[in-house]
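Content type compact mmCIF, C-alpha atoms, from the file data36.txt:
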# COMPACT_ATOMS: atom_id res chain seq x y z
CA MET A 1 0.00 0.00 0.00
CA LYS A 2 2.77 2.44 0.97
CA THR A 3 4.70 1.82 -2.26
CA ASN A 4 1.58 2.17 -4.39
CA MET A 5 0.62 5.50 -2.80
CA ASN A 6 4.13 6.88 -3.22
CA ASN A 7 4.13 5.79 -6.87
CA ILE A 8 0.81 7.55 -7.42
CA VAL A 9 2.17 10.83 -6.05
CA ASN A 10 5.43 10.54 -8.01
CA ARG A 11 3.49 9.87 -11.22
CA THR A 12 1.22 12.82 -10.45
CA ILE A 13 4.25 15.13 -10.11
CA VAL A 14 5.62 13.87 -13.44
CA ALA A 15 2.20 14.24 -15.10
CA ILE A 16 1.89 17.84 -13.91
CA LEU A 17 5.39 18.57 -15.24
CA LEU A 18 4.44 17.11 -18.64
CA LEU A 19 1.18 19.06 -18.73
CA THR A 20 3.17 22.18 -17.88
CA LEU A 21 5.40 21.62 -20.90
CA ILE A 22 2.32 21.19 -23.10
CA SER A 23 0.92 24.43 -21.67
CA ILE A 24 4.11 26.30 -22.56
CA ASP A 25 3.87 25.11 -26.15
CA GLY A 26 0.15 25.85 -26.41
CA LEU A 27 0.22 29.34 -24.93
CA ALA A 28 3.21 30.27 -27.05
CA THR A 29 0.86 30.39 -30.04
CA ASP A 30 -2.53 31.06 -28.44
CA ARG A 31 -2.58 34.57 -27.00
CA ASP A 32 -2.53 36.67 -30.17
CA THR A 33 -2.00 36.51 -33.88
CA THR A 34 1.65 37.53 -33.74
CA SER A 35 2.74 35.47 -30.72
CA ASN A 36 3.99 32.68 -32.97
CA LYS A 37 6.99 34.96 -33.48
CA ILE A 38 9.17 33.78 -30.63
CA ILE A 39 12.86 34.25 -29.91
CA GLN A 40 14.42 30.93 -28.96
CA MET A 41 17.22 30.50 -26.45
CA ILE A 42 19.77 27.92 -25.32
CA GLY A 43 21.49 28.30 -21.96
CA LEU A 44 24.26 26.62 -19.99
CA ASP A 45 24.84 27.06 -16.25
CA LEU A 46 27.40 25.73 -13.79
CA LYS A 47 26.48 25.88 -10.09
CA PRO A 48 28.90 25.06 -7.26
CA SER A 49 26.91 25.03 -4.01
CA TYR A 50 27.19 24.93 -0.26
CA LEU A 51 25.15 22.13 1.34
CA PHE A 52 23.49 23.17 4.60
CA PRO A 53 24.39 20.62 7.33
CA THR A 54 20.80 20.24 8.54
CA HIS A 55 21.23 16.59 9.58
CA GLU A 56 23.84 14.43 11.28
CA PHE A 57 24.22 12.54 8.00
CA PHE A 58 25.77 15.65 6.43
CA LYS A 59 27.92 16.33 9.49
CA GLY A 60 29.81 13.04 9.21
CA SER A 61 27.42 10.26 10.22
CA ASN A 62 27.83 8.53 6.86
CA ASN A 63 29.86 5.68 5.41
CA ALA A 64 32.82 7.90 4.62
CA GLN A 65 32.74 9.50 8.10
CA LYS A 66 33.30 12.86 6.40
CA GLU A 67 31.42 16.12 6.47
CA MET A 68 29.35 16.78 3.33
CA ASN A 69 29.22 20.51 2.62
CA SER A 70 29.50 20.97 -1.15
CA THR A 71 27.65 20.04 -4.33
CA LEU A 72 28.04 20.73 -8.02
CA SER A 73 25.47 20.82 -10.81
CA GLY A 74 25.44 21.53 -14.53
CA HIS A 75 22.31 22.71 -16.36
CA LEU A 76 21.17 22.79 -19.99
CA LYS A 77 18.11 24.91 -20.81
CA TYR A 78 15.89 25.59 -23.77
CA GLY A 79 13.62 28.62 -23.58
CA PHE A 80 11.94 31.35 -25.51
CA LYS A 81 10.57 34.85 -25.16
CA PHE A 82 7.81 36.46 -27.14
CA ALA A 83 8.77 38.77 -29.94
CA PRO A 84 8.41 42.52 -29.23
CA ASP A 85 5.69 42.93 -31.89
CA SER A 86 3.39 40.49 -30.05
CA TYR A 87 1.07 41.39 -27.18
CA LEU A 88 2.92 39.29 -24.57
CA GLY A 89 6.29 40.39 -25.88
CA ASN A 90 5.29 44.02 -25.55
CA VAL A 91 3.84 43.68 -22.04
CA TYR A 92 6.53 41.30 -20.71
CA PRO A 93 9.60 42.20 -22.81
CA TYR A 94 12.21 40.44 -20.65
CA ALA A 95 10.38 37.26 -19.61
CA ILE A 96 12.00 34.02 -20.76
CA GLN A 97 10.40 30.64 -20.01
CA GLY A 98 11.24 27.09 -20.93
CA VAL A 99 12.51 23.73 -19.74
CA GLY A 100 15.80 22.58 -18.29
CA VAL A 101 17.72 19.54 -17.12
CA GLY A 102 20.37 19.51 -14.42
CA TYR A 103 22.87 16.87 -13.35
CA ASN A 104 23.79 17.00 -9.65
CA THR A 105 26.54 15.46 -7.60
CA PHE A 106 26.89 15.55 -3.82
CA PHE A 107 30.24 13.74 -3.98
CA ASN A 108 28.68 10.72 -2.25
CA SER A 109 26.94 8.78 -5.00
CA SER A 110 26.81 5.53 -3.01
CA GLU A 111 24.53 7.04 -0.34
CA LEU A 112 22.80 9.98 -2.06
CA GLY A 113 23.10 9.21 -5.76
CA ASN A 114 23.65 11.69 -8.58
CA PRO A 115 20.11 12.94 -9.21
CA LEU A 116 18.94 14.35 -12.53
CA SER A 117 16.53 17.30 -12.33
CA VAL A 118 13.92 18.06 -15.01
CA TYR A 119 12.10 21.34 -14.58
CA VAL A 120 10.34 24.35 -16.02
CA PHE A 121 11.88 27.78 -15.46
CA GLN A 122 11.17 31.44 -15.90
CA THR A 123 13.48 34.40 -15.68
CA SER A 124 12.94 38.13 -16.09
CA ARG A 125 14.32 41.53 -15.20
CA ILE A 126 13.95 43.23 -11.84
CA ALA A 127 15.83 46.45 -12.63
CA ASN A 128 18.24 47.99 -15.12
CA ILE A 129 21.68 48.91 -13.79
CA THR A 130 23.27 50.13 -17.02
CA LYS A 131 22.40 49.76 -20.69
CA GLU A 132 24.17 46.38 -20.81
CA LEU A 133 23.77 45.22 -17.19
CA SER A 134 20.58 44.28 -15.37
CA PHE A 135 19.44 42.70 -12.11
CA ASP A 136 17.31 39.59 -12.85
CA TYR A 137 15.62 36.69 -11.09
CA GLU A 138 14.99 33.08 -12.06
CA TRP A 139 12.91 30.27 -10.58
CA ASN A 140 12.97 26.55 -11.39
CA PHE A 141 10.30 24.02 -10.47
CA GLY A 142 10.29 20.33 -11.30
CA ALA A 143 11.28 16.87 -10.18
CA SER A 144 14.63 15.21 -9.49
CA PHE A 145 15.19 11.53 -10.19
CA GLY A 146 17.82 8.98 -9.19
CA TRP A 147 18.23 9.61 -5.47
CA LYS A 148 19.57 6.82 -3.25
CA LYS A 149 16.91 6.67 -0.56
CA TYR A 150 17.12 5.48 3.03
CA ASP A 151 17.15 1.72 3.48
CA GLU A 152 17.50 0.11 6.88
CA GLU A 153 19.89 -2.54 5.54
CA LYS A 154 21.48 -1.12 2.36
CA ASN A 155 21.60 2.62 3.15
CA PRO A 156 21.09 3.00 6.91
CA HIS A 157 22.92 6.31 7.47
CA ASN A 158 20.93 8.33 4.95
CA LYS A 159 18.01 9.36 7.16
CA VAL A 160 17.47 12.43 5.01
CA VAL A 161 15.99 11.19 1.72
CA GLY A 162 13.06 8.77 1.74
CA SER A 163 12.20 8.53 -1.97
CA ASN A 164 13.91 8.05 -5.33
CA THR A 165 11.98 11.02 -6.78
CA ASN A 166 11.85 14.41 -5.09
CA ALA A 167 10.50 17.85 -5.91
CA TYR A 168 13.11 20.39 -7.04
CA ILE A 169 12.66 24.12 -6.28
CA HIS A 170 15.19 26.85 -7.02
CA LEU A 171 15.12 30.65 -6.74
CA GLY A 172 18.05 32.74 -7.91
CA LEU A 173 19.10 36.40 -8.21
CA LEU A 174 21.35 37.24 -11.14
CA LEU A 175 23.45 39.92 -12.77
CA ASN A 176 22.79 39.72 -16.51
CA TRP A 177 25.43 41.23 -18.79
CA GLN A 178 24.55 41.59 -22.47
CA LEU A 179 27.77 40.82 -24.32
CA SER A 180 26.23 41.20 -27.78
CA SER A 181 22.82 41.39 -29.40
CA ASN A 182 22.39 37.62 -29.06
CA THR A 183 24.59 36.56 -26.13
CA ASN A 184 24.31 37.21 -22.40
CA LEU A 185 26.62 36.28 -19.55
CA ARG A 186 24.89 35.72 -16.19
CA GLY A 187 26.10 35.11 -12.66
CA GLY A 188 24.54 35.18 -9.23
CA VAL A 189 23.39 33.34 -6.14
CA GLY A 190 20.36 31.22 -5.32
CA LEU A 191 18.68 28.78 -2.97
CA THR A 192 17.69 25.22 -3.87
CA HIS A 193 15.40 22.83 -2.00
CA TYR A 194 14.76 19.13 -2.58
CA SER A 195 11.85 17.44 -0.81
CA ASN A 196 9.14 14.83 -1.34
CA GLY A 197 6.40 16.78 0.43
CA ASN A 198 5.99 14.21 3.21
CA THR A 199 4.90 11.51 0.76
CA SER A 200 7.70 9.33 2.15
CA TYR A 201 9.85 9.30 5.27
CA PRO A 202 12.46 10.31 6.06
CA ASN A 203 11.93 13.77 4.57
CA ALA A 204 14.50 16.03 6.22
CA GLY A 205 14.99 17.89 2.94
CA VAL A 206 18.20 18.83 1.15
CA ASN A 207 18.99 22.55 0.99
CA THR A 208 21.81 24.38 -0.75
CA ILE A 209 22.96 27.93 -1.44
CA ASP A 210 24.33 28.20 -4.95
CA ALA A 211 26.73 30.36 -6.87
CA SER A 212 26.12 30.27 -10.62
CA ILE A 213 27.84 31.28 -13.82
CA GLY A 214 26.28 30.75 -17.21
CA VAL A 215 25.70 31.95 -20.74
CA ILE A 216 22.54 32.21 -22.83
CA ARG A 217 22.38 32.48 -26.61
CA PHE A 218 19.36 33.71 -28.59
CA PHE A 219 18.56 32.45 -32.08
CA ARG A 220 16.78 35.47 -33.44
CA ASN A 221 18.02 39.02 -33.50
CA ASN A 222 17.83 40.18 -29.88
CA GLU A 223 18.86 43.76 -30.44
CA ARG A 224 18.55 46.11 -27.50
CA SER A 225 15.09 47.58 -27.63
CA THR A 226 12.92 49.64 -25.34
CA TYR A 227 9.87 47.58 -26.43
CA PHE A 228 7.39 50.06 -25.02
CA PRO A 229 6.65 52.85 -27.51
CA TYR A 230 2.98 51.88 -27.87
CA GLN A 231 2.41 49.87 -24.69
CA SER A 232 0.75 52.61 -22.65
CA ARG A 233 -1.51 53.54 -25.57
CA LYS A 234 -2.66 50.19 -26.87
CA HIS A 235 -2.62 48.15 -23.65
CA VAL A 236 -4.10 50.43 -21.01
CA PHE A 237 -4.68 48.40 -17.85
CA ASN A 238 -7.91 48.68 -15.88
CA SER A 239 -7.84 47.13 -12.41
CA TYR A 240 -10.31 44.33 -11.76
CA ILE A 241 -10.99 41.35 -9.48
CA ASN A 242 -10.76 37.72 -10.59
CA TYR A 243 -11.82 34.68 -8.56
CA ASP A 244 -9.78 31.47 -8.47
CA LEU A 245 -11.39 28.19 -7.38
CA ILE A 246 -8.91 25.35 -6.76
CA LEU A 247 -9.38 21.69 -5.92
CA TYR A 248 -6.26 19.77 -4.88
CA GLY A 249 -5.13 16.56 -3.24
CA SER A 250 -2.08 14.52 -2.26
CA THR A 251 -0.90 11.80 0.09
CA ARG A 252 1.45 12.17 3.03
CA LYS A 253 3.30 10.25 5.70
CA LYS A 254 2.85 10.99 9.41
CA GLY A 255 5.19 11.01 12.37
CA ILE A 256 3.88 11.05 15.95
CA TYR A 257 5.46 11.77 19.34
CA PRO A 258 3.84 9.54 22.00
CA GLU A 259 4.36 10.39 25.66
CA ASP A 260 7.17 8.44 27.35
CA SER A 261 8.38 7.26 23.94
CA GLY A 262 10.52 8.47 21.06
CA PRO A 263 9.11 9.73 17.76
CA MET A 264 7.54 7.05 15.57
CA LEU A 265 6.54 6.84 11.92
CA VAL A 266 2.94 5.74 11.45
CA PRO A 267 2.68 2.89 8.91
CA GLY A 268 0.90 3.58 5.64
CA SER A 269 0.04 6.81 3.83
CA PHE A 270 -2.80 9.25 4.39
CA GLY A 271 -4.94 11.24 1.98
CA VAL A 272 -5.25 15.02 1.87
CA ILE A 273 -7.89 16.95 -0.09
CA GLY A 274 -8.46 20.68 -0.17
CA LEU A 275 -10.44 23.53 -1.69
CA ASN A 276 -9.35 27.17 -2.05
CA PHE A 277 -11.50 30.12 -3.08
CA ASN A 278 -9.21 33.02 -3.83
CA PRO A 279 -10.49 36.49 -4.91
CA LEU A 280 -7.58 38.56 -6.21
CA TYR A 281 -7.42 42.26 -7.03
CA ASN A 282 -5.29 42.93 -10.10
CA PHE A 283 -3.26 46.06 -9.37
CA ASN A 284 -1.42 45.92 -12.69
CA LYS A 285 -0.27 43.39 -15.30
CA TYR A 286 2.41 42.05 -12.98
CA PHE A 287 0.86 41.83 -9.53
CA ARG A 288 -2.39 40.77 -7.89
CA ALA A 289 -3.27 40.18 -4.24
CA GLY A 290 -6.22 39.25 -2.06
CA VAL A 291 -7.50 36.76 0.47
CA SER A 292 -8.25 33.05 0.25
CA LEU A 293 -10.71 30.79 2.01
CA ASP A 294 -8.78 27.55 2.53
CA LEU A 295 -10.57 24.28 3.36
CA GLN A 296 -8.60 21.07 3.95
CA TYR A 297 -9.27 17.54 5.15
CA ASP A 298 -6.17 15.66 6.34
CA GLU A 299 -6.69 11.99 7.15
CA SER A 300 -3.58 11.99 9.36
CA ALA A 301 -4.40 15.05 11.49
CA ASN A 302 -4.34 14.47 15.26
CA ILE A 303 -4.13 10.67 15.05
CA GLY A 304 -1.34 10.82 17.67
CA LYS A 305 -4.04 11.50 20.28
CA HIS A 306 -6.00 8.39 19.33
CA ILE A 307 -3.57 5.50 19.85
CA ALA A 308 -5.53 2.29 20.50
CA ASN A 309 -2.64 0.25 21.91
CA GLU A 310 -2.60 -0.17 25.68
CA TYR A 311 1.19 0.20 25.59
CA ILE A 312 3.34 1.86 22.91
CA PRO A 313 4.77 -1.02 20.84
CA GLY A 314 8.44 -1.22 19.98
CA ASN A 315 7.61 -1.83 16.31
CA PRO A 316 5.72 1.03 14.62
CA GLU A 317 4.00 -1.51 12.36
CA ASP A 318 2.06 -2.67 15.44
CA LEU A 319 0.56 0.76 16.10
CA LYS A 320 -3.24 0.89 16.08
CA PHE A 321 -5.47 3.96 16.10
CA TYR A 322 -9.04 4.99 16.66
CA ARG A 323 -10.29 7.20 13.85
CA PRO A 324 -10.37 10.85 14.95
CA SER A 325 -13.57 12.81 14.55
CA PHE A 326 -14.16 14.80 11.36
CA ARG A 327 -13.76 18.02 13.37
CA GLU A 328 -10.19 17.03 14.27
CA GLN A 329 -9.19 16.34 10.67
CA PHE A 330 -10.96 19.21 8.91
CA SER A 331 -9.76 22.80 8.99
CA ALA A 332 -10.86 26.10 7.51
CA GLY A 333 -8.56 29.10 7.34
CA LEU A 334 -8.12 32.53 5.84
CA SER A 335 -4.86 33.53 4.20
CA LEU A 336 -3.43 36.65 2.62
CA ARG A 337 -2.23 35.97 -0.92
CA ALA A 338 0.18 37.80 -3.21
CA GLU A 339 0.74 36.73 -6.79
CA ILE A 340 3.42 37.63 -9.32
CA VAL A 341 1.94 37.47 -12.83
CA MET A 342 4.00 36.56 -15.89
CA PRO A 343 3.30 34.85 -19.22
CA ILE A 344 2.14 31.23 -18.77
CA PHE A 345 3.00 31.16 -15.05
CA SER A 346 2.04 32.89 -11.82
CA ILE A 347 3.74 32.51 -8.44
CA ASN A 348 1.29 32.69 -5.52
CA LEU A 349 2.51 33.09 -1.92
CA GLY A 350 0.24 32.93 1.11
CA ILE A 351 0.25 33.18 4.89
CA GLY A 352 -2.81 32.32 6.94
CA LYS A 353 -4.37 30.96 10.11
CA ASN A 354 -6.99 28.27 10.61
CA PHE A 355 -10.05 29.68 12.34
CA LEU A 356 -12.08 26.45 12.30
CA CYS A 357 -9.97 23.64 13.74
CA LYS A 358 -9.59 21.25 16.65
CA GLY A 359 -6.32 19.80 17.89
CA GLY A 360 -2.68 20.78 17.68
CA ASP A 361 -2.14 19.45 14.15
CA THR A 362 -4.55 21.96 12.59
CA ASN A 363 -4.59 24.86 15.08
CA SER A 364 -1.73 26.66 13.45
CA PHE A 365 -0.45 29.40 11.18
CA TYR A 366 0.30 28.04 7.71
CA GLN A 367 2.22 29.16 4.65
CA THR A 368 1.73 28.21 1.00
CA PHE A 369 3.91 28.35 -2.09
CA VAL A 370 2.03 27.75 -5.36
CA LEU A 371 2.93 27.65 -9.05
CA LYS A 372 -0.02 28.23 -11.39
CA THR A 373 0.46 27.11 -14.99
CA TYR A 374 -2.19 28.28 -17.43
CA ILE A 375 -3.71 25.76 -19.84
CA THR A 376 -6.28 28.31 -21.04
CA ASP A 377 -7.23 31.79 -19.84
CA ASN A 378 -9.58 30.17 -17.31
CA VAL A 379 -8.03 26.78 -16.46
CA PHE A 380 -4.68 26.30 -14.74
CA LEU A 381 -2.58 23.61 -13.10
CA HIS A 382 -2.04 24.15 -9.38
CA THR A 383 1.21 22.82 -7.91
CA GLY A 384 1.88 23.87 -4.35
CA TYR A 385 3.34 23.10 -0.96
CA GLN A 386 2.07 23.92 2.51
CA LEU A 387 4.10 24.55 5.65
CA TYR A 388 3.02 24.98 9.26
CA ARG A 389 4.71 27.52 11.55
CA PHE A 390 7.22 28.47 8.80
CA GLU A 391 9.23 25.27 9.36
CA ASP A 392 7.14 22.09 9.51
CA PRO A 393 6.47 20.45 6.10
CA ASN A 394 2.81 19.59 5.85
CA ASN A 395 1.65 18.42 2.42
CA LEU A 396 1.78 18.85 -1.33
CA MET A 397 -1.13 20.57 -3.10
CA LEU A 398 -1.55 19.06 -6.58
CA GLY A 399 -4.69 20.00 -8.48
CA LEU A 400 -6.61 22.11 -10.96
CA GLY A 401 -8.00 25.63 -10.78
CA TYR A 402 -10.63 27.61 -12.61
CA ARG A 403 -10.53 31.40 -12.91
CA PHE A 404 -13.74 33.41 -13.01
CA ASN A 405 -13.62 36.85 -14.64
CA ALA A 406 -10.32 36.16 -16.40
CA LYS A 407 -9.12 39.00 -18.62

The structure in this file should be written as structure tokens.
Amino acid sequence: MKTNMNNIVNRTIVAILLLTLISIDGLATDRDTTSNKIIQMIGLDLKPSYLFPTHEFFKGSNNAQKEMNSTLSGHLKYGFKFAPDSYLGNVYPYAIQGVGVGYNTFFNSSELGNPLSVYVFQTSRIANITKELSFDYEWNFGASFGWKKYDEEKNPHNKVVGSNTNAYIHLGLLLNWQLSSNTNLRGGVGLTHYSNGNTSYPNAGVNTIDASIGVIRFFRNNERSTYFPYQSRKHVFNSYINYDLILYGSTRKKGIYPEDSGPMLVPGSFGVIGLNFNPLYNFNKYFRAGVSLDLQYDESANIGKHIANEYIPGNPEDLKFYRPSFREQFSAGLSLRAEIVMPIFSINLGIGKNFLCKGGDTNSFYQTFVLKTYITDNVFLHTGYQLYRFEDPNNLMLGLGYRFNAK
């Protein structure tokens, strides 16, 4: 049962990634009659990184009995931006989006593996510094494959990674130097996180801070251009409110902390289902914000208070539970949401508090990170992650959304 549930979630992550790639291709030619004029790009990046020693495994409790504090990855990317004579190219002149692959080494392949990351990315300009130099950002979101996971017999020291497939999230800040009309040199720093969203244990997470150096090459004339001579005249923005309705689900593992006993992993996996209703006020073409009503049912919530065993067993597989009441596993909260709007993608960040809840597992502040990928103007993929108290991983949020009053 545990293996099947983990496989379902892993396949769901891969399916969402594939649908995202299809969305990129579809929207590249769907928004207006000239948007088939795209400027294609190839990029190469090299990223030496510092590995945060968040677990004893990284501090030397491994087969080599050596501290693990460095990683190295190489990345190949294909992307595009919309031509300046298209609507999207005129409104978002610096946005580049596409797909990438990255090969990673942690210099301990026998215990961690050398995972391969496959992801979608988007990068754009934050501010101009000079005519040739700008301050940019980039995010990556995808999946990483080929991890060596924890195994009690074959890989007992690695109590960090519990699955062969993990989510990959990266955010970077870059200096972008335009060497010529078609070639840019970029360097900067970033943060990377690998996690399985509590679909398997252990799930301590792998976190790095990266330095990067790379080059991108465009395959259509990318001459320096202001892009905006007619933007304010032809694309006047009128503020409005849209309404996002999202249905999501996932599975998760659960750890409990019984009294007079050490922490224990509950056998099996648990289902999570949620609904968000999110009105958002569009301040301009790049930013919207609002509130969200967040409903969630978590089959694992508060089960630590309902242990049926008379004594805590030594083997977690012998744990038995009474089913908690619906009130203890259902929560309703309100969150503040801010959303960065770009072509194809939006990044939605939220912070909220459950107002309808019962028990310590749901009576909490929560935080959300969501990537919305647009299939049409109204329908989007919803790929997100929820934390409690800014530090405790809670669950993935994989689903679909529908936008009312899309413009």

- Task: Measuring atom to atom with all atoms listed in the file, identify which of A:Leu381, A:Ile344, A:Leu173, A:Val118 is nearest to Ile96 (chain A).
- Result: A:Ile344

- Shortest interatomic distance to Tyr374 (chain A) - which of A:Phe218, A:Phe345, A:Tyr402, A:Tyr78, counting all atoms listed in the file: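 Ranked by minimum distance to Tyr374 (chain A), first place goes to A:Phe345.
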
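If only C-alpha atoms are the atoms counted, then among A:Asp136, A:Glu259, A:Glu328, A:Asp210 the closest residue to Pro48 (chain A) is A:Asp210.
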
Residue neighbourhood Gln329 (chain A), 9 Å, only C-alpha atoms, exclusion window fewer than 4 positions, as a short mmCIF file (atom, residue, chain, number, x, y, z; two decimals) with C-alpha atoms, in the coordinates of the input:
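What follows is the written file out-v5.cif:
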data_model
loop_
_atom_site.label_atom_id
_atom_site.label_comp_id
_atom_site.auth_asym_id
_atom_site.auth_seq_id
_atom_site.Cartn_x
_atom_site.Cartn_y
_atom_site.Cartn_z
CA GLN A 296 -8.60 21.07 3.95
CA TYR A 297 -9.27 17.54 5.15
CA ASP A 298 -6.17 15.66 6.34
CA GLU A 299 -6.69 11.99 7.15
CA SER A 300 -3.58 11.99 9.36
CA ALA A 301 -4.40 15.05 11.49
CA ASN A 302 -4.34 14.47 15.26
CA ILE A 303 -4.13 10.67 15.05
CA PRO A 324 -10.37 10.85 14.95
CA SER A 325 -13.57 12.81 14.55
CA CYS A 357 -9.97 23.64 13.74
CA LYS A 358 -9.59 21.25 16.65
CA GLY A 359 -6.32 19.80 17.89
CA ASP A 361 -2.14 19.45 14.15
CA THR A 362 -4.55 21.96 12.59
#

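Minimum distance to Val341 (chain A) across A:Leu72, A:Asn104, A:Arg327, A:Thr373 (counting all atoms listed in the file) occurs at A:Thr373.
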
- Message: Quick one: residues within 12 Å of Asn108 (chain A), only C-alpha atoms, excluding same-chain residues fewer than 2 positions away - as a count of residues only?
- Response: 26

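With only C-alpha atoms as the basis for measurement, A:Phe365 is the residue among A:Phe365, A:Ile39, A:Tyr94, A:Gly79 that approaches Glu391 (chain A) most closely.
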
Which residues of region 16-129 of chain A come within 12 Å of region 275-285 of chain A, and what is each one's closest atom pair and distance in Å (one decimal), counting all atoms listed in the file, sorted by chain and residue number, as CSV?
residue,atom,partner,partner_atom,distance
A:Leu88,CA,A:Lys285,CA,10.6
A:Asn90,CA,A:Lys285,CA,11.7
A:Val91,CA,A:Lys285,CA,7.9
A:Tyr92,CA,A:Lys285,CA,8.9

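You can rank A:Tyr257, A:Trp177, A:Phe52, A:Phe321 by their closest distance to Phe135 (chain A) using only C-alpha atoms, and at the top of that list sits A:Trp177.
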
- With a distance cut-off of 8 Å and only C-alpha atoms, select the neighbouring residues of Asn405 (chain A), excluding the residue or stretch itself and same-chain residues fewer than 5 positions from it, and output the selection as an MDAnalysis selection string. chainID A and resid 241:243

Print the selection's residues with C-alpha atoms to a file, as a tab-separated table (two decimals), in the coordinates of the input.
chain	number	residue	atom	x	y	z
A	241	ILE	CA	-10.99	41.35	-9.48
A	242	ASN	CA	-10.76	37.72	-10.59
A	243	TYR	CA	-11.82	34.68	-8.56

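Only residues having an atom at most 8 Å from (8.6, 39.4, -14.7) are included; using only C-alpha atoms, these are Tyr92, Tyr94, Ala95, Thr123, Ser124, Arg125, Ile126, Tyr286, Ile340, Val341 and Met342 of chain A.
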
- Task: Tell me, in Å to one decimal, how far CA of Asp151 (chain A) is from CA of Tyr388 (chain A).
- Result: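 The value is 27.8 Å.
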
My structure is short of atoms at region 67-78 of chain A; please model N, CA, C and O atoms there, returning them as a PDB file, in the coordinates of the input.
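So result.pdb came out as:
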ATOM      1  N   GLU A  67      32.433  15.091   6.606  1.00  0.00           N
ATOM      2  CA  GLU A  67      31.420  16.120   6.470  1.00  0.00           C
ATOM      3  C   GLU A  67      31.104  16.364   4.996  1.00  0.00           C
ATOM      4  O   GLU A  67      31.996  16.421   4.150  1.00  0.00           O
ATOM      5  N   MET A  68      29.805  16.481   4.690  1.00  0.00           N
ATOM      6  CA  MET A  68      29.350  16.780   3.330  1.00  0.00           C
ATOM      7  C   MET A  68      28.875  18.230   3.321  1.00  0.00           C
ATOM      8  O   MET A  68      27.870  18.568   3.951  1.00  0.00           O
ATOM      9  N   ASN A  69      29.591  19.094   2.611  1.00  0.00           N
ATOM     10  CA  ASN A  69      29.220  20.510   2.620  1.00  0.00           C
ATOM     11  C   ASN A  69      29.268  21.161   1.249  1.00  0.00           C
ATOM     12  O   ASN A  69      29.173  22.389   1.141  1.00  0.00           O
ATOM     13  N   SER A  70      29.425  20.369   0.181  1.00  0.00           N
ATOM     14  CA  SER A  70      29.500  20.970  -1.150  1.00  0.00           C
ATOM     15  C   SER A  70      28.789  20.092  -2.169  1.00  0.00           C
ATOM     16  O   SER A  70      28.706  18.863  -2.014  1.00  0.00           O
ATOM     17  N   THR A  71      28.277  20.728  -3.202  1.00  0.00           N
ATOM     18  CA  THR A  71      27.650  20.040  -4.330  1.00  0.00           C
ATOM     19  C   THR A  71      28.041  20.763  -5.603  1.00  0.00           C
ATOM     20  O   THR A  71      28.560  21.892  -5.576  1.00  0.00           O
ATOM     21  N   LEU A  72      27.768  20.128  -6.728  1.00  0.00           N
ATOM     22  CA  LEU A  72      28.040  20.730  -8.020  1.00  0.00           C
ATOM     23  C   LEU A  72      26.977  20.264  -9.002  1.00  0.00           C
ATOM     24  O   LEU A  72      26.602  19.087  -9.010  1.00  0.00           O
ATOM     25  N   SER A  73      26.470  21.181  -9.807  1.00  0.00           N
ATOM     26  CA  SER A  73      25.470  20.820 -10.810  1.00  0.00           C
ATOM     27  C   SER A  73      25.727  21.574 -12.107  1.00  0.00           C
ATOM     28  O   SER A  73      26.232  22.699 -12.110  1.00  0.00           O
ATOM     29  N   GLY A  74      25.383  20.917 -13.211  1.00  0.00           N
ATOM     30  CA  GLY A  74      25.440  21.530 -14.530  1.00  0.00           C
ATOM     31  C   GLY A  74      24.050  21.503 -15.151  1.00  0.00           C
ATOM     32  O   GLY A  74      23.313  20.523 -14.997  1.00  0.00           O
ATOM     33  N   HIS A  75      23.671  22.575 -15.853  1.00  0.00           N
ATOM     34  CA  HIS A  75      22.310  22.710 -16.360  1.00  0.00           C
ATOM     35  C   HIS A  75      22.316  23.100 -17.839  1.00  0.00           C
ATOM     36  O   HIS A  75      23.099  23.947 -18.276  1.00  0.00           O
ATOM     37  N   LEU A  76      21.419  22.468 -18.588  1.00  0.00           N
ATOM     38  CA  LEU A  76      21.170  22.790 -19.990  1.00  0.00           C
ATOM     39  C   LEU A  76      19.711  23.212 -20.111  1.00  0.00           C
ATOM     40  O   LEU A  76      18.823  22.503 -19.638  1.00  0.00           O
ATOM     41  N   LYS A  77      19.459  24.371 -20.745  1.00  0.00           N
ATOM     42  CA  LYS A  77      18.110  24.910 -20.810  1.00  0.00           C
ATOM     43  C   LYS A  77      17.742  25.280 -22.248  1.00  0.00           C
ATOM     44  O   LYS A  77      18.578  25.761 -23.013  1.00  0.00           O
ATOM     45  N   TYR A  78      16.476  25.046 -22.546  1.00  0.00           N
ATOM     46  CA  TYR A  78      15.890  25.590 -23.770  1.00  0.00           C
ATOM     47  C   TYR A  78      14.739  26.496 -23.357  1.00  0.00           C
ATOM     48  O   TYR A  78      13.889  26.115 -22.541  1.00  0.00           O
TER      49      TYR A  78
END
